[in-house]
$ cat entry-v2.json   # JSON, C-alpha atoms and all ligand atoms
[["chain", "number", "residue", "atom", "x", "y", "z"],
["A", 625, "MET", "CA", 77.25, 83.78, 102.97],
["A", 626, "ARG", "CA", 80.80, 85.17, 103.14],
["A", 627, "PRO", "CA", 81.45, 88.24, 100.98],
["A", 628, "VAL", "CA", 83.79, 87.71, 98.03],
["A", 629, "LEU", "CA", 86.70, 90.14, 97.57],
["A", 630, "LEU", "CA", 88.87, 90.42, 94.45],
["A", 631, "ILE", "CA", 92.37, 91.80, 94.97],
["A", 632, "THR", "CA", 94.48, 92.52, 91.89],
["A", 633, "GLY", "CA", 98.25, 92.20, 92.18],
["A", 634, "ALA", "CA", 97.77, 90.07, 95.29],
["A", 635, "SER", "CA", 101.00, 88.07, 95.25],
["A", 636, "SER", "CA", 103.22, 90.68, 96.92],
["A", 637, "GLY", "CA", 103.42, 93.85, 98.99],
["A", 638, "ILE", "CA", 100.21, 95.72, 99.78],
["A", 639, "GLY", "CA", 98.00, 93.28, 97.84],
["A", 640, "ALA", "CA", 99.34, 90.29, 99.76],
["A", 641, "ALA", "CA", 98.91, 92.10, 103.10],
["A", 642, "CYS", "CA", 95.30, 92.94, 102.15],
["A", 643, "ALA", "CA", 94.67, 89.30, 101.25],
["A", 644, "ARG", "CA", 96.04, 87.90, 104.51],
["A", 645, "LEU", "CA", 94.10, 90.45, 106.55],
["A", 646, "ALA", "CA", 90.85, 90.05, 104.59],
["A", 647, "ALA", "CA", 90.90, 86.29, 105.20],
["A", 648, "THR", "CA", 90.80, 86.95, 108.95],
["A", 649, "ARG", "CA", 87.88, 89.39, 108.45],
["A", 650, "GLY", "CA", 85.57, 86.81, 106.92],
["A", 651, "TYR", "CA", 86.08, 87.37, 103.18],
["A", 652, "ASP", "CA", 86.43, 84.68, 100.54],
["A", 653, "LEU", "CA", 89.07, 85.76, 98.09],
["A", 654, "VAL", "CA", 89.90, 85.99, 94.41],
["A", 655, "LEU", "CA", 93.63, 86.61, 94.27],
["A", 656, "ASN", "CA", 94.81, 87.98, 90.94],
["A", 657, "TYR", "CA", 98.48, 87.77, 90.01],
["A", 658, "ARG", "CA", 100.38, 88.51, 86.81],
["A", 659, "SER", "CA", 103.07, 85.85, 86.67],
["A", 660, "ASN", "CA", 104.47, 84.58, 89.98],
["A", 661, "HIS", "CA", 102.25, 81.61, 90.74],
["A", 662, "ALA", "CA", 104.40, 80.38, 93.64],
["A", 663, "LEU", "CA", 104.11, 83.70, 95.49],
["A", 664, "ALA", "CA", 100.36, 83.92, 94.86],
["A", 665, "ASP", "CA", 99.95, 80.33, 95.99],
["A", 666, "ALA", "CA", 101.76, 81.07, 99.27],
["A", 667, "VAL", "CA", 99.43, 84.01, 99.95],
["A", 668, "GLY", "CA", 96.44, 81.84, 99.03],
["A", 669, "ARG", "CA", 97.50, 79.07, 101.41],
["A", 670, "ASP", "CA", 97.82, 81.55, 104.28],
["A", 671, "ALA", "CA", 94.35, 82.89, 103.49],
["A", 672, "GLU", "CA", 92.90, 79.36, 103.41],
["A", 673, "MET", "CA", 94.51, 78.64, 106.80],
["A", 674, "ALA", "CA", 92.59, 81.67, 108.10],
["A", 675, "GLY", "CA", 89.32, 80.19, 106.81],
["A", 676, "ALA", "CA", 88.89, 81.80, 103.39],
["A", 677, "ARG", "CA", 87.86, 80.04, 100.23],
["A", 678, "VAL", "CA", 90.44, 81.14, 97.66],
["A", 679, "LEU", "CA", 90.53, 81.31, 93.86],
["A", 680, "LEU", "CA", 93.89, 82.17, 92.29],
["A", 681, "CYS", "CA", 93.47, 83.99, 88.95],
["A", 682, "GLN", "CA", 96.41, 84.59, 86.66],
["A", 683, "ALA", "CA", 95.70, 87.66, 84.53],
["A", 684, "ASP", "CA", 97.69, 90.60, 83.24],
["A", 685, "VAL", "CA", 95.38, 93.55, 83.94],
["A", 686, "ALA", "CA", 96.97, 95.40, 81.01],
["A", 687, "ASP", "CA", 95.34, 92.80, 78.74],
["A", 688, "PRO", "CA", 91.57, 93.34, 78.34],
["A", 689, "ASP", "CA", 90.98, 89.75, 77.20],
["A", 690, "ALA", "CA", 92.71, 88.45, 80.33],
["A", 691, "ILE", "CA", 90.38, 90.61, 82.46],
["A", 692, "THR", "CA", 87.35, 89.17, 80.66],
["A", 693, "ASP", "CA", 88.63, 85.63, 81.28],
["A", 694, "MET", "CA", 89.30, 86.39, 84.95],
["A", 695, "PHE", "CA", 85.74, 87.59, 85.53],
["A", 696, "ALA", "CA", 84.38, 84.56, 83.68],
["A", 697, "GLN", "CA", 86.29, 82.38, 86.17],
["A", 698, "ILE", "CA", 84.91, 84.40, 89.09],
["A", 699, "ASP", "CA", 81.36, 83.95, 87.73],
["A", 700, "VAL", "CA", 81.83, 80.19, 87.49],
["A", 701, "GLU", "CA", 83.67, 79.63, 90.78],
["A", 702, "PHE", "CA", 81.86, 82.10, 93.06],
["A", 703, "GLY", "CA", 78.88, 83.52, 91.14],
["A", 704, "GLN", "CA", 79.16, 86.65, 93.25],
["A", 705, "LEU", "CA", 81.50, 89.59, 93.87],
["A", 706, "ASP", "CA", 81.05, 92.01, 96.76],
["A", 707, "ALA", "CA", 84.29, 93.95, 97.01],
["A", 708, "LEU", "CA", 87.37, 94.91, 95.03],
["A", 709, "ILE", "CA", 90.81, 96.19, 95.96],
["A", 710, "ASN", "CA", 92.14, 97.53, 92.66],
["A", 711, "ASN", "CA", 95.79, 97.27, 93.65],
["A", 712, "ALA", "CA", 97.90, 96.05, 90.70],
["A", 713, "GLY", "CA", 100.30, 98.75, 89.64],
["A", 714, "ILE", "CA", 103.75, 99.41, 88.25],
["A", 715, "VAL", "CA", 106.39, 102.07, 88.48],
["A", 716, "ASP", "CA", 109.39, 102.46, 86.19],
["A", 717, "VAL", "CA", 112.87, 103.86, 86.77],
["A", 718, "ALA", "CA", 113.00, 107.62, 87.29],
["A", 719, "VAL", "CA", 113.85, 109.52, 84.10],
["A", 720, "PRO", "CA", 113.46, 113.18, 83.05],
["A", 721, "VAL", "CA", 110.22, 113.89, 81.20],
["A", 722, "THR", "CA", 112.24, 114.44, 78.00],
["A", 723, "GLU", "CA", 113.20, 110.75, 78.10],
["A", 724, "LEU", "CA", 109.74, 109.28, 78.57],
["A", 725, "THR", "CA", 108.98, 107.02, 75.63],
["A", 726, "HIS", "CA", 105.60, 106.20, 74.12],
["A", 727, "ALA", "CA", 106.20, 102.51, 74.90],
["A", 728, "ARG", "CA", 106.83, 103.22, 78.57],
["A", 729, "LEU", "CA", 103.78, 105.48, 78.89],
["A", 730, "ARG", "CA", 101.63, 102.90, 77.09],
["A", 731, "ARG", "CA", 102.70, 100.18, 79.53],
["A", 732, "MET", "CA", 102.23, 102.42, 82.58],
["A", 733, "PHE", "CA", 98.77, 103.66, 81.60],
["A", 734, "ASP", "CA", 97.59, 100.28, 80.27],
["A", 735, "THR", "CA", 98.33, 98.80, 83.71],
["A", 736, "ASN", "CA", 97.70, 101.57, 86.23],
["A", 737, "VAL", "CA", 94.77, 103.31, 84.54],
["A", 738, "ILE", "CA", 93.09, 101.34, 81.76],
["A", 739, "GLY", "CA", 93.47, 98.00, 83.56],
["A", 740, "ALA", "CA", 92.14, 99.42, 86.83],
["A", 741, "ILE", "CA", 89.16, 101.06, 85.11],
["A", 742, "LEU", "CA", 88.26, 97.90, 83.17],
["A", 743, "VAL", "CA", 88.51, 95.77, 86.34],
["A", 744, "ALA", "CA", 86.32, 98.23, 88.24],
["A", 745, "GLY", "CA", 83.75, 98.21, 85.42],
["A", 746, "GLU", "CA", 83.52, 94.40, 85.44],
["A", 747, "ALA", "CA", 83.22, 94.43, 89.24],
["A", 748, "VAL", "CA", 80.48, 97.09, 89.20],
["A", 749, "SER", "CA", 78.46, 95.11, 86.67],
["A", 750, "ARG", "CA", 78.46, 92.07, 89.06],
["A", 751, "MET", "CA", 77.53, 94.26, 92.04],
["A", 752, "GLN", "CA", 74.69, 95.91, 90.09],
["A", 753, "ALA", "CA", 73.36, 92.51, 88.97],
["A", 754, "GLN", "CA", 73.41, 91.23, 92.56],
["A", 755, "GLY", "CA", 71.54, 94.32, 93.77],
["A", 756, "ASP", "CA", 73.42, 94.26, 97.07],
["A", 757, "ASP", "CA", 75.84, 96.76, 98.53],
["A", 758, "GLY", "CA", 79.37, 96.69, 97.14],
["A", 759, "ALA", "CA", 82.63, 98.48, 97.82],
["A", 760, "ILE", "CA", 85.71, 99.28, 95.76],
["A", 761, "VAL", "CA", 89.07, 100.61, 96.95],
["A", 762, "ASN", "CA", 91.35, 101.89, 94.20],
["A", 763, "ILE", "CA", 94.99, 102.01, 95.27],
["A", 764, "SER", "CA", 96.30, 105.39, 94.15],
["A", 765, "SER", "CA", 99.43, 107.09, 95.54],
["A", 766, "ALA", "CA", 100.52, 110.19, 97.41],
["A", 767, "ALA", "CA", 102.40, 110.86, 94.16],
["A", 768, "ALA", "CA", 99.04, 111.82, 92.61],
["A", 769, "ARG", "CA", 99.00, 114.83, 94.91],
["A", 770, "LEU", "CA", 102.75, 115.54, 95.01],
["A", 771, "GLY", "CA", 103.45, 115.18, 91.26],
["A", 772, "SER", "CA", 106.77, 113.41, 91.84],
["A", 773, "ALA", "CA", 108.83, 116.05, 90.01],
["A", 774, "HIS", "CA", 112.26, 114.67, 89.02],
["A", 775, "GLU", "CA", 111.13, 111.17, 89.96],
["A", 776, "TYR", "CA", 108.16, 109.39, 88.46],
["A", 777, "VAL", "CA", 105.92, 112.00, 86.79],
["A", 778, "ASP", "CA", 104.26, 109.43, 84.53],
["A", 779, "TYR", "CA", 103.45, 107.21, 87.49],
["A", 780, "ALA", "CA", 102.10, 110.20, 89.44],
["A", 781, "ALA", "CA", 99.90, 111.20, 86.49],
["A", 782, "SER", "CA", 98.55, 107.65, 86.20],
["A", 783, "LYS", "CA", 97.57, 107.66, 89.88],
["A", 784, "ALA", "CA", 95.94, 111.10, 89.60],
["A", 785, "ALA", "CA", 93.76, 109.60, 86.86],
["A", 786, "ILE", "CA", 92.69, 106.92, 89.32],
["A", 787, "ASP", "CA", 91.65, 109.52, 91.91],
["A", 788, "THR", "CA", 89.49, 111.33, 89.34],
["A", 789, "PHE", "CA", 88.02, 108.06, 88.11],
["A", 790, "THR", "CA", 87.20, 107.16, 91.72],
["A", 791, "LYS", "CA", 85.18, 110.33, 92.23],
["A", 792, "GLY", "CA", 83.25, 109.95, 88.98],
["A", 793, "LEU", "CA", 82.47, 106.28, 89.50],
["A", 794, "ALA", "CA", 81.47, 106.87, 93.12],
["A", 795, "ASP", "CA", 78.94, 109.50, 92.05],
["A", 796, "ALA", "CA", 77.59, 107.25, 89.29],
["A", 797, "VAL", "CA", 76.87, 104.22, 91.50],
["A", 798, "ALA", "CA", 76.25, 105.70, 94.97],
["A", 799, "ALA", "CA", 72.47, 105.42, 94.67],
["A", 800, "GLU", "CA", 72.85, 101.69, 94.03],
["A", 801, "GLY", "CA", 74.66, 101.16, 97.33],
["A", 802, "ILE", "CA", 78.10, 100.74, 95.76],
["A", 803, "ARG", "CA", 80.84, 102.74, 97.48],
["A", 804, "VAL", "CA", 84.07, 103.67, 95.67],
["A", 805, "MET", "CA", 87.12, 105.11, 97.41],
["A", 806, "SER", "CA", 90.73, 105.73, 96.60],
["A", 807, "LEU", "CA", 93.56, 105.14, 99.03],
["A", 808, "ARG", "CA", 96.84, 107.02, 98.62],
["A", 809, "PRO", "CA", 99.77, 105.24, 100.24],
["A", 810, "GLY", "CA", 102.86, 107.35, 100.90],
["A", 811, "VAL", "CA", 106.21, 105.61, 100.86],
["A", 812, "ILE", "CA", 105.62, 102.01, 101.90],
["A", 813, "GLU", "CA", 108.29, 99.36, 102.32],
["A", 814, "THR", "CA", 107.60, 96.92, 99.49],
["A", 815, "ASP", "CA", 109.51, 95.55, 96.50],
["A", 816, "ILE", "CA", 108.05, 98.18, 94.17],
["A", 817, "HIS", "CA", 110.99, 100.51, 94.89],
["A", 818, "ALA", "CA", 113.47, 97.90, 93.67],
["A", 819, "LYS", "CA", 111.30, 97.44, 90.57],
["A", 820, "GLY", "CA", 111.54, 101.21, 90.07],
["A", 821, "GLY", "CA", 115.33, 100.89, 90.13],
["A", 822, "GLU", "CA", 115.76, 102.29, 93.63],
["A", 823, "PRO", "CA", 115.70, 99.62, 96.35],
["A", 824, "GLY", "CA", 116.70, 102.14, 99.07],
["A", 825, "ARG", "CA", 113.97, 104.65, 98.18],
["A", 826, "ALA", "CA", 111.80, 103.97, 101.22],
["A", 827, "LEU", "CA", 114.69, 104.88, 103.53],
["A", 828, "ARG", "CA", 115.67, 107.95, 101.49],
["A", 829, "VAL", "CA", 112.16, 109.36, 101.39],
["A", 830, "ALA", "CA", 111.42, 108.52, 105.03],
["A", 831, "ALA", "CA", 113.30, 111.66, 106.09],
["A", 832, "LYS", "CA", 110.71, 113.78, 104.24],
["A", 833, "VAL", "CA", 107.80, 112.11, 106.05],
["A", 834, "PRO", "CA", 106.47, 114.00, 109.09],
["A", 835, "MET", "CA", 106.33, 110.69, 110.99],
["A", 836, "GLN", "CA", 109.99, 110.14, 109.95],
["A", 837, "ARG", "CA", 109.51, 106.61, 108.69],
["A", 838, "ALA", "CA", 108.19, 104.60, 105.80],
["A", 839, "GLY", "CA", 104.91, 102.76, 106.24],
["A", 840, "SER", "CA", 104.33, 99.02, 106.11],
["A", 841, "ALA", "CA", 102.03, 97.06, 103.81],
["A", 842, "ILE", "CA", 99.87, 96.00, 106.76],
["A", 843, "GLU", "CA", 99.26, 99.66, 107.70],
["A", 844, "VAL", "CA", 97.86, 100.21, 104.20],
["A", 845, "ALA", "CA", 95.87, 96.96, 104.38],
["A", 846, "ASN", "CA", 94.29, 98.04, 107.69],
["A", 847, "ALA", "CA", 93.04, 101.24, 106.05],
["A", 848, "ALA", "CA", 91.82, 99.45, 102.91],
["A", 849, "LEU", "CA", 89.86, 96.87, 104.91],
["A", 850, "TRP", "CA", 88.33, 99.64, 107.00],
["A", 851, "LEU", "CA", 87.17, 101.44, 103.85],
["A", 852, "LEU", "CA", 85.54, 98.23, 102.60],
["A", 853, "SER", "CA", 83.86, 97.55, 105.94],
["A", 854, "ASP", "CA", 80.45, 98.63, 107.22],
["A", 855, "GLU", "CA", 82.30, 100.94, 109.63],
["A", 856, "ALA", "CA", 82.86, 103.16, 106.58],
["A", 857, "SER", "CA", 79.25, 102.86, 105.39],
["A", 858, "TYR", "CA", 78.84, 106.63, 104.82],
["A", 859, "VAL", "CA", 82.17, 107.02, 103.02],
["A", 860, "THR", "CA", 82.24, 107.19, 99.23],
["A", 861, "GLY", "CA", 84.03, 109.24, 96.60],
["A", 862, "SER", "CA", 86.72, 109.94, 99.21],
["A", 863, "THR", "CA", 90.46, 109.70, 99.01],
["A", 864, "LEU", "CA", 92.29, 108.54, 102.13],
["A", 865, "ASP", "CA", 95.98, 109.35, 102.56],
["A", 866, "VAL", "CA", 97.98, 106.68, 104.38],
["A", 867, "SER", "CA", 101.28, 108.50, 104.23],
["A", 868, "GLY", "CA", 102.59, 109.31, 107.69],
["A", 869, "GLY", "CA", 101.46, 112.90, 107.20],
["A", 870, "ARG", "CA", 103.31, 113.49, 103.93],
["B", 901, "LIG", "P1", 104.38, 95.41, 94.54],
["B", 901, "LIG", "O1", 105.24, 95.56, 93.35],
["B", 901, "LIG", "O2", 104.76, 94.43, 95.58],
["B", 901, "LIG", "O3", 102.87, 95.13, 94.14],
["B", 901, "LIG", "C1", 102.33, 95.42, 92.88],
["B", 901, "LIG", "C2", 101.64, 94.16, 92.43],
["B", 901, "LIG", "O4", 100.96, 94.42, 91.21],
["B", 901, "LIG", "C3", 102.66, 93.04, 92.16],
["B", 901, "LIG", "O5", 102.21, 91.83, 92.75],
["B", 901, "LIG", "C4", 102.65, 92.93, 90.64],
["B", 901, "LIG", "O6", 102.94, 91.63, 90.15],
["B", 901, "LIG", "C5", 101.22, 93.34, 90.34],
["B", 901, "LIG", "N1", 101.06, 93.76, 88.96],
["B", 901, "LIG", "C6", 101.80, 94.68, 88.29],
["B", 901, "LIG", "N2", 101.39, 94.76, 87.03],
["B", 901, "LIG", "C7", 100.37, 93.88, 86.90],
["B", 901, "LIG", "C8", 99.54, 93.50, 85.83],
["B", 901, "LIG", "N3", 99.69, 94.04, 84.61],
["B", 901, "LIG", "N4", 98.59, 92.55, 86.04],
["B", 901, "LIG", "C9", 98.43, 91.99, 87.26],
["B", 901, "LIG", "N5", 99.20, 92.31, 88.32],
["B", 901, "LIG", "C10", 100.16, 93.24, 88.13],
["B", 901, "LIG", "O7", 104.31, 96.86, 95.19],
["B", 901, "LIG", "P2", 103.26, 97.51, 96.21],
["B", 901, "LIG", "O8", 103.98, 98.62, 96.84],
["B", 901, "LIG", "O9", 102.60, 96.48, 97.05],
["B", 901, "LIG", "O10", 102.19, 98.15, 95.20],
["B", 901, "LIG", "C11", 100.80, 97.94, 95.30],
["B", 901, "LIG", "C12", 100.08, 99.20, 94.84],
["B", 901, "LIG", "O11", 100.38, 100.26, 95.75],
["B", 901, "LIG", "C13", 100.49, 99.68, 93.45],
["B", 901, "LIG", "O12", 99.35, 100.11, 92.74],
["B", 901, "LIG", "C14", 101.39, 100.86, 93.76],
["B", 901, "LIG", "O13", 101.43, 101.78, 92.71],
["B", 901, "LIG", "C15", 100.74, 101.40, 95.02],
["B", 901, "LIG", "N6", 101.62, 102.25, 95.84],
["B", 901, "LIG", "C16", 102.72, 101.76, 96.45],
["B", 901, "LIG", "C17", 103.51, 102.62, 97.21],
["B", 901, "LIG", "C18", 104.75, 102.16, 97.92],
["B", 901, "LIG", "O14", 105.52, 103.01, 98.42],
["B", 901, "LIG", "N7", 105.02, 100.86, 98.01],
["B", 901, "LIG", "C19", 103.16, 103.97, 97.35],
["B", 901, "LIG", "C20", 102.02, 104.42, 96.71],
["B", 901, "LIG", "C21", 101.25, 103.57, 95.97]]

$ encode --input "entry-v2.json" --output "structure tokens"
Amino acid sequence: MRPVLLITGASSGIGAACARLAATRGYDLVLNYRSNHALADAVGRDAEMAGARVLLCQADVADPDAITDMFAQIDVEFGQLDALINNAGIVDVAVPVTELTHARLRRMFDTNVIGAILVAGEAVSRMQAQGDDGAIVNISSAAARLGSAHEYVDYAASKAAIDTFTKGLADAVAAEGIRVMSLRPGVIETDIHAKGGEPGRALRVAAKVPMQRAGSAIEVANAALWLLSDEASYVTGSTLDVSGGR
């Protein structure tokens, strides 16, 4: 039986690259997206062409009821879940810390932290019930380590929470054969920089990267799929930087 992988935020960027690659590695896929059905559908069709069975699941991970509904659909359609790439995330325009509003912080942490933790919890409960090995990759950020002073301190703090959550969850479920890792991309060329109000950010930051370039979504996907694979069978609780040395 093919393993089933859930990817949140799968309609674009790193999530879409993970989906297309995972389909070629023998996974069936649950592709979560927030709103852009056409984009998610295009990713899903590519994955089907590569041999995957695909379920598209619309759900806002900042909405706990939507997460519950998504897992109910997974239970009905697949009845199994073996792997998760907890990828959905947002950034907001850079502002000084004195201008961070409660509403902005609520939205950021509801999505990047609370949503990711609730999704991981639902996934772990399926993996525990199956009694088989499972693997989870939480997409963090190099910002968790760097702090992103003068840029996106709230975003960096949300990703640091994910790294700490990863370590705690990994310790809690290691004896059950469930591995949990976090992956910290550096600056990767995706649309997230435009969403953060700075479309040229990848180019600007590339000069600070020891490898002198931004990364691509497929370079992150390659690392994520390796972490999920049996080749990483003795890796858990770890954080992998995919950041060109930054
Ligand atoms: P992206 O904007 O293309 O991808 C983010 C995806 O998450 C989008 O498809 C978006 O629709 C989805 N999403 C956002 N909020 C959601 C919600 N509430 N419910 C469901 N889906 C939601 O950008 P990306 O660069 O591919 O980002 C993917 C992940 O990588 C994010 O967690 C991001 O923080 C992280 N990351 C990106 C970079 C980078 O430089 N691109 C660096 C470090 C970390």

$ closest_residue --input "entry-v2.json" --among "A:Val628, A:Ala766, A:Met694, A:Ala799" --to "ligand LIG 901 (chain B)" --atoms "only C-alpha atoms and all ligand atoms"
A:Ala766

$ closest_residue --input "entry-v2.json" --among "A:Val811, A:Leu793, A:Val743, A:Ala784" --to "Gln836 (chain A)" --atoms "all atoms listed in the file"
A:Val811

$ axis_aligned_box --input "entry-v2.json" --around "ligand LIG 901 (chain B)" --padding-each-side "8 Å" --output "lines of an AutoDock Vina configuration file"
center_x = 102.0
center_y = 98.0
center_z = 91.5
size_x = 23.1
size_y = 28.8
size_z = 29.8

$ atom_distance --input "entry-v2.json" --atom1 "atom C19 of ligand LIG 901 (chain B)" --atom2 "CA of Ala780 (chain A)"
10.1 Å

$ residues_near_ligand --input "entry-v2.json" --ligand "ligand LIG 901 (chain B)" --cutoff "7 Å" --atoms "all atoms listed in the file" --output "ChimeraX atom specification"
/A:632-639,656-659,683-686,711-715,735-736,763-767,808-817,819,826,841

$ write_last_selection --input "entry-v2.json" --atoms "C-alpha atoms" --output "short mmCIF file (atom, residue, chain, number, x, y, z; two decimals), in the coordinates of the input"
data_model
loop_
_atom_site.label_atom_id
_atom_site.label_comp_id
_atom_site.auth_asym_id
_atom_site.auth_seq_id
_atom_site.Cartn_x
_atom_site.Cartn_y
_atom_site.Cartn_z
CA THR A 632 94.48 92.52 91.89
CA GLY A 633 98.25 92.20 92.18
CA ALA A 634 97.77 90.07 95.29
CA SER A 635 101.00 88.07 95.25
CA SER A 636 103.22 90.68 96.92
CA GLY A 637 103.42 93.85 98.99
CA ILE A 638 100.21 95.72 99.78
CA GLY A 639 98.00 93.28 97.84
CA ASN A 656 94.81 87.98 90.94
CA TYR A 657 98.48 87.77 90.01
CA ARG A 658 100.38 88.51 86.81
CA SER A 659 103.07 85.85 86.67
CA ALA A 683 95.70 87.66 84.53
CA ASP A 684 97.69 90.60 83.24
CA VAL A 685 95.38 93.55 83.94
CA ALA A 686 96.97 95.40 81.01
CA ASN A 711 95.79 97.27 93.65
CA ALA A 712 97.90 96.05 90.70
CA GLY A 713 100.30 98.75 89.64
CA ILE A 714 103.75 99.41 88.25
CA VAL A 715 106.39 102.07 88.48
CA THR A 735 98.33 98.80 83.71
CA ASN A 736 97.70 101.57 86.23
CA ILE A 763 94.99 102.01 95.27
CA SER A 764 96.30 105.39 94.15
CA SER A 765 99.43 107.09 95.54
CA ALA A 766 100.52 110.19 97.41
CA ALA A 767 102.40 110.86 94.16
CA ARG A 808 96.84 107.02 98.62
CA PRO A 809 99.77 105.24 100.24
CA GLY A 810 102.86 107.35 100.90
CA VAL A 811 106.21 105.61 100.86
CA ILE A 812 105.62 102.01 101.90
CA GLU A 813 108.29 99.36 102.32
CA THR A 814 107.60 96.92 99.49
CA ASP A 815 109.51 95.55 96.50
CA ILE A 816 108.05 98.18 94.17
CA HIS A 817 110.99 100.51 94.89
CA LYS A 819 111.30 97.44 90.57
CA ALA A 826 111.80 103.97 101.22
CA ALA A 841 102.03 97.06 103.81
#

$ atom_distance --input "entry-v2.json" --atom1 "CA of Leu655 (chain A)" --atom2 "CA of Asp706 (chain A)"
13.9 Å

$ residues_around --input "entry-v2.json" --residues "Val804 (chain A)" --least-positions-apart "2" --cutoff "7 Å" --atoms "only C-alpha atoms" --output "PyMOL selection string"
chain A and resi 759-761+790+793-794+802+860-861

$ write_last_selection --input "entry-v2.json" --atoms "C-alpha atoms" --output "compact mmCIF listing (two decimals), keeping the file's coordinate frame"
# COMPACT_ATOMS: atom_id res chain seq x y z
CA ALA A 759 82.63 98.48 97.82
CA ILE A 760 85.71 99.28 95.76
CA VAL A 761 89.07 100.61 96.95
CA THR A 790 87.20 107.16 91.72
CA LEU A 793 82.47 106.28 89.50
CA ALA A 794 81.47 106.87 93.12
CA ILE A 802 78.10 100.74 95.76
CA THR A 860 82.24 107.19 99.23
CA GLY A 861 84.03 109.24 96.60

$ atom_distance --input "entry-v2.json" --atom1 "CA of Ile709 (chain A)" --atom2 "CA of Ile631 (chain A)"
4.8 Å

$ residues_around --input "entry-v2.json" --residues "Arg728 (chain A)" --least-positions-apart "6" --cutoff "12 Å" --atoms "only C-alpha atoms" --output "PDB file with C-alpha atoms, in the frame of the given file"
ATOM      1  CA  ILE A 714     103.750  99.410  88.250  1.00  0.00           C
ATOM      2  CA  VAL A 715     106.390 102.070  88.480  1.00  0.00           C
ATOM      3  CA  ASP A 716     109.390 102.460  86.190  1.00  0.00           C
ATOM      4  CA  VAL A 717     112.870 103.860  86.770  1.00  0.00           C
ATOM      5  CA  ALA A 718     113.000 107.620  87.290  1.00  0.00           C
ATOM      6  CA  VAL A 719     113.850 109.520  84.100  1.00  0.00           C
ATOM      7  CA  VAL A 721     110.220 113.890  81.200  1.00  0.00           C
ATOM      8  CA  ASP A 734      97.590 100.280  80.270  1.00  0.00           C
ATOM      9  CA  THR A 735      98.330  98.800  83.710  1.00  0.00           C
ATOM     10  CA  TYR A 776     108.160 109.390  88.460  1.00  0.00           C
ATOM     11  CA  ASP A 778     104.260 109.430  84.530  1.00  0.00           C
ATOM     12  CA  TYR A 779     103.450 107.210  87.490  1.00  0.00           C
TER      13      TYR A 779
END

$ closest_residue --input "entry-v2.json" --among "A:Ile786, A:Ala773, A:Leu629, A:Leu724" --to "Leu849 (chain A)" --atoms "only C-alpha atoms"
A:Leu629

$ residues_around --input "entry-v2.json" --residues "Phe702 (chain A)" --least-positions-apart "2" --cutoff "12 Å" --atoms "all atoms listed in the file" --output "PDB file with C-alpha atoms, keeping the file's coordinate frame"
ATOM      1  CA  MET A 625      77.250  83.780 102.970  1.00  0.00           C
ATOM      2  CA  ARG A 626      80.800  85.170 103.140  1.00  0.00           C
ATOM      3  CA  PRO A 627      81.450  88.240 100.980  1.00  0.00           C
ATOM      4  CA  VAL A 628      83.790  87.710  98.030  1.00  0.00           C
ATOM      5  CA  LEU A 629      86.700  90.140  97.570  1.00  0.00           C
ATOM      6  CA  LEU A 630      88.870  90.420  94.450  1.00  0.00           C
ATOM      7  CA  ASP A 652      86.430  84.680 100.540  1.00  0.00           C
ATOM      8  CA  LEU A 653      89.070  85.760  98.090  1.00  0.00           C
ATOM      9  CA  VAL A 654      89.900  85.990  94.410  1.00  0.00           C
ATOM     10  CA  ARG A 677      87.860  80.040 100.230  1.00  0.00           C
ATOM     11  CA  VAL A 678      90.440  81.140  97.660  1.00  0.00           C
ATOM     12  CA  LEU A 679      90.530  81.310  93.860  1.00  0.00           C
ATOM     13  CA  MET A 694      89.300  86.390  84.950  1.00  0.00           C
ATOM     14  CA  PHE A 695      85.740  87.590  85.530  1.00  0.00           C
ATOM     15  CA  ALA A 696      84.380  84.560  83.680  1.00  0.00           C
ATOM     16  CA  GLN A 697      86.290  82.380  86.170  1.00  0.00           C
ATOM     17  CA  ILE A 698      84.910  84.400  89.090  1.00  0.00           C
ATOM     18  CA  ASP A 699      81.360  83.950  87.730  1.00  0.00           C
ATOM     19  CA  VAL A 700      81.830  80.190  87.490  1.00  0.00           C
ATOM     20  CA  GLN A 704      79.160  86.650  93.250  1.00  0.00           C
ATOM     21  CA  LEU A 705      81.500  89.590  93.870  1.00  0.00           C
ATOM     22  CA  ASP A 706      81.050  92.010  96.760  1.00  0.00           C
ATOM     23  CA  ARG A 750      78.460  92.070  89.060  1.00  0.00           C
TER      24      ARG A 750
END

$ closest_residue --input "entry-v2.json" --among "A:Asp756, A:Asp865, A:Ser749, A:Pro823" --to "Ala768 (chain A)" --atoms "only C-alpha atoms"
A:Asp865

$ residues_around --input "entry-v2.json" --residues "Gly869 (chain A)" --least-positions-apart "2" --cutoff "9 Å" --atoms "all atoms listed in the file" --output "list in words"
Gly810, Val833, Pro834, Met835, Asp865, Val866 and Ser867 of chain A

$ decode --input "entry-v2.json" --residues "region 681-685 of chain A" --atoms "N, CA and C atoms" --output "PDB file, in the first residue's frame"
ATOM      1  N   CYS A 681      -8.005  19.178  -0.234  1.00  0.00           N
ATOM      2  CA  CYS A 681      -8.772  19.542   0.969  1.00  0.00           C
ATOM      3  C   CYS A 681      -8.672  21.034   1.214  1.00  0.00           C
ATOM      4  N   GLN A 682      -9.767  21.736   1.010  1.00  0.00           N
ATOM      5  CA  GLN A 682      -9.785  23.161   1.354  1.00  0.00           C
ATOM      6  C   GLN A 682      -9.943  23.276   2.865  1.00  0.00           C
ATOM      7  N   ALA A 683      -9.028  23.977   3.511  1.00  0.00           N
ATOM      8  CA  ALA A 683      -9.162  24.228   4.955  1.00  0.00           C
ATOM      9  C   ALA A 683      -8.206  25.347   5.337  1.00  0.00           C
ATOM     10  N   ASP A 684      -8.712  26.279   6.111  1.00  0.00           N
ATOM     11  CA  ASP A 684      -7.873  27.331   6.686  1.00  0.00           C
ATOM     12  C   ASP A 684      -7.301  26.765   7.984  1.00  0.00           C
ATOM     13  N   VAL A 685      -5.994  26.567   8.045  1.00  0.00           N
ATOM     14  CA  VAL A 685      -5.432  25.917   9.242  1.00  0.00           C
ATOM     15  C   VAL A 685      -5.512  26.807  10.485  1.00  0.00           C
TER      16      VAL A 685
END
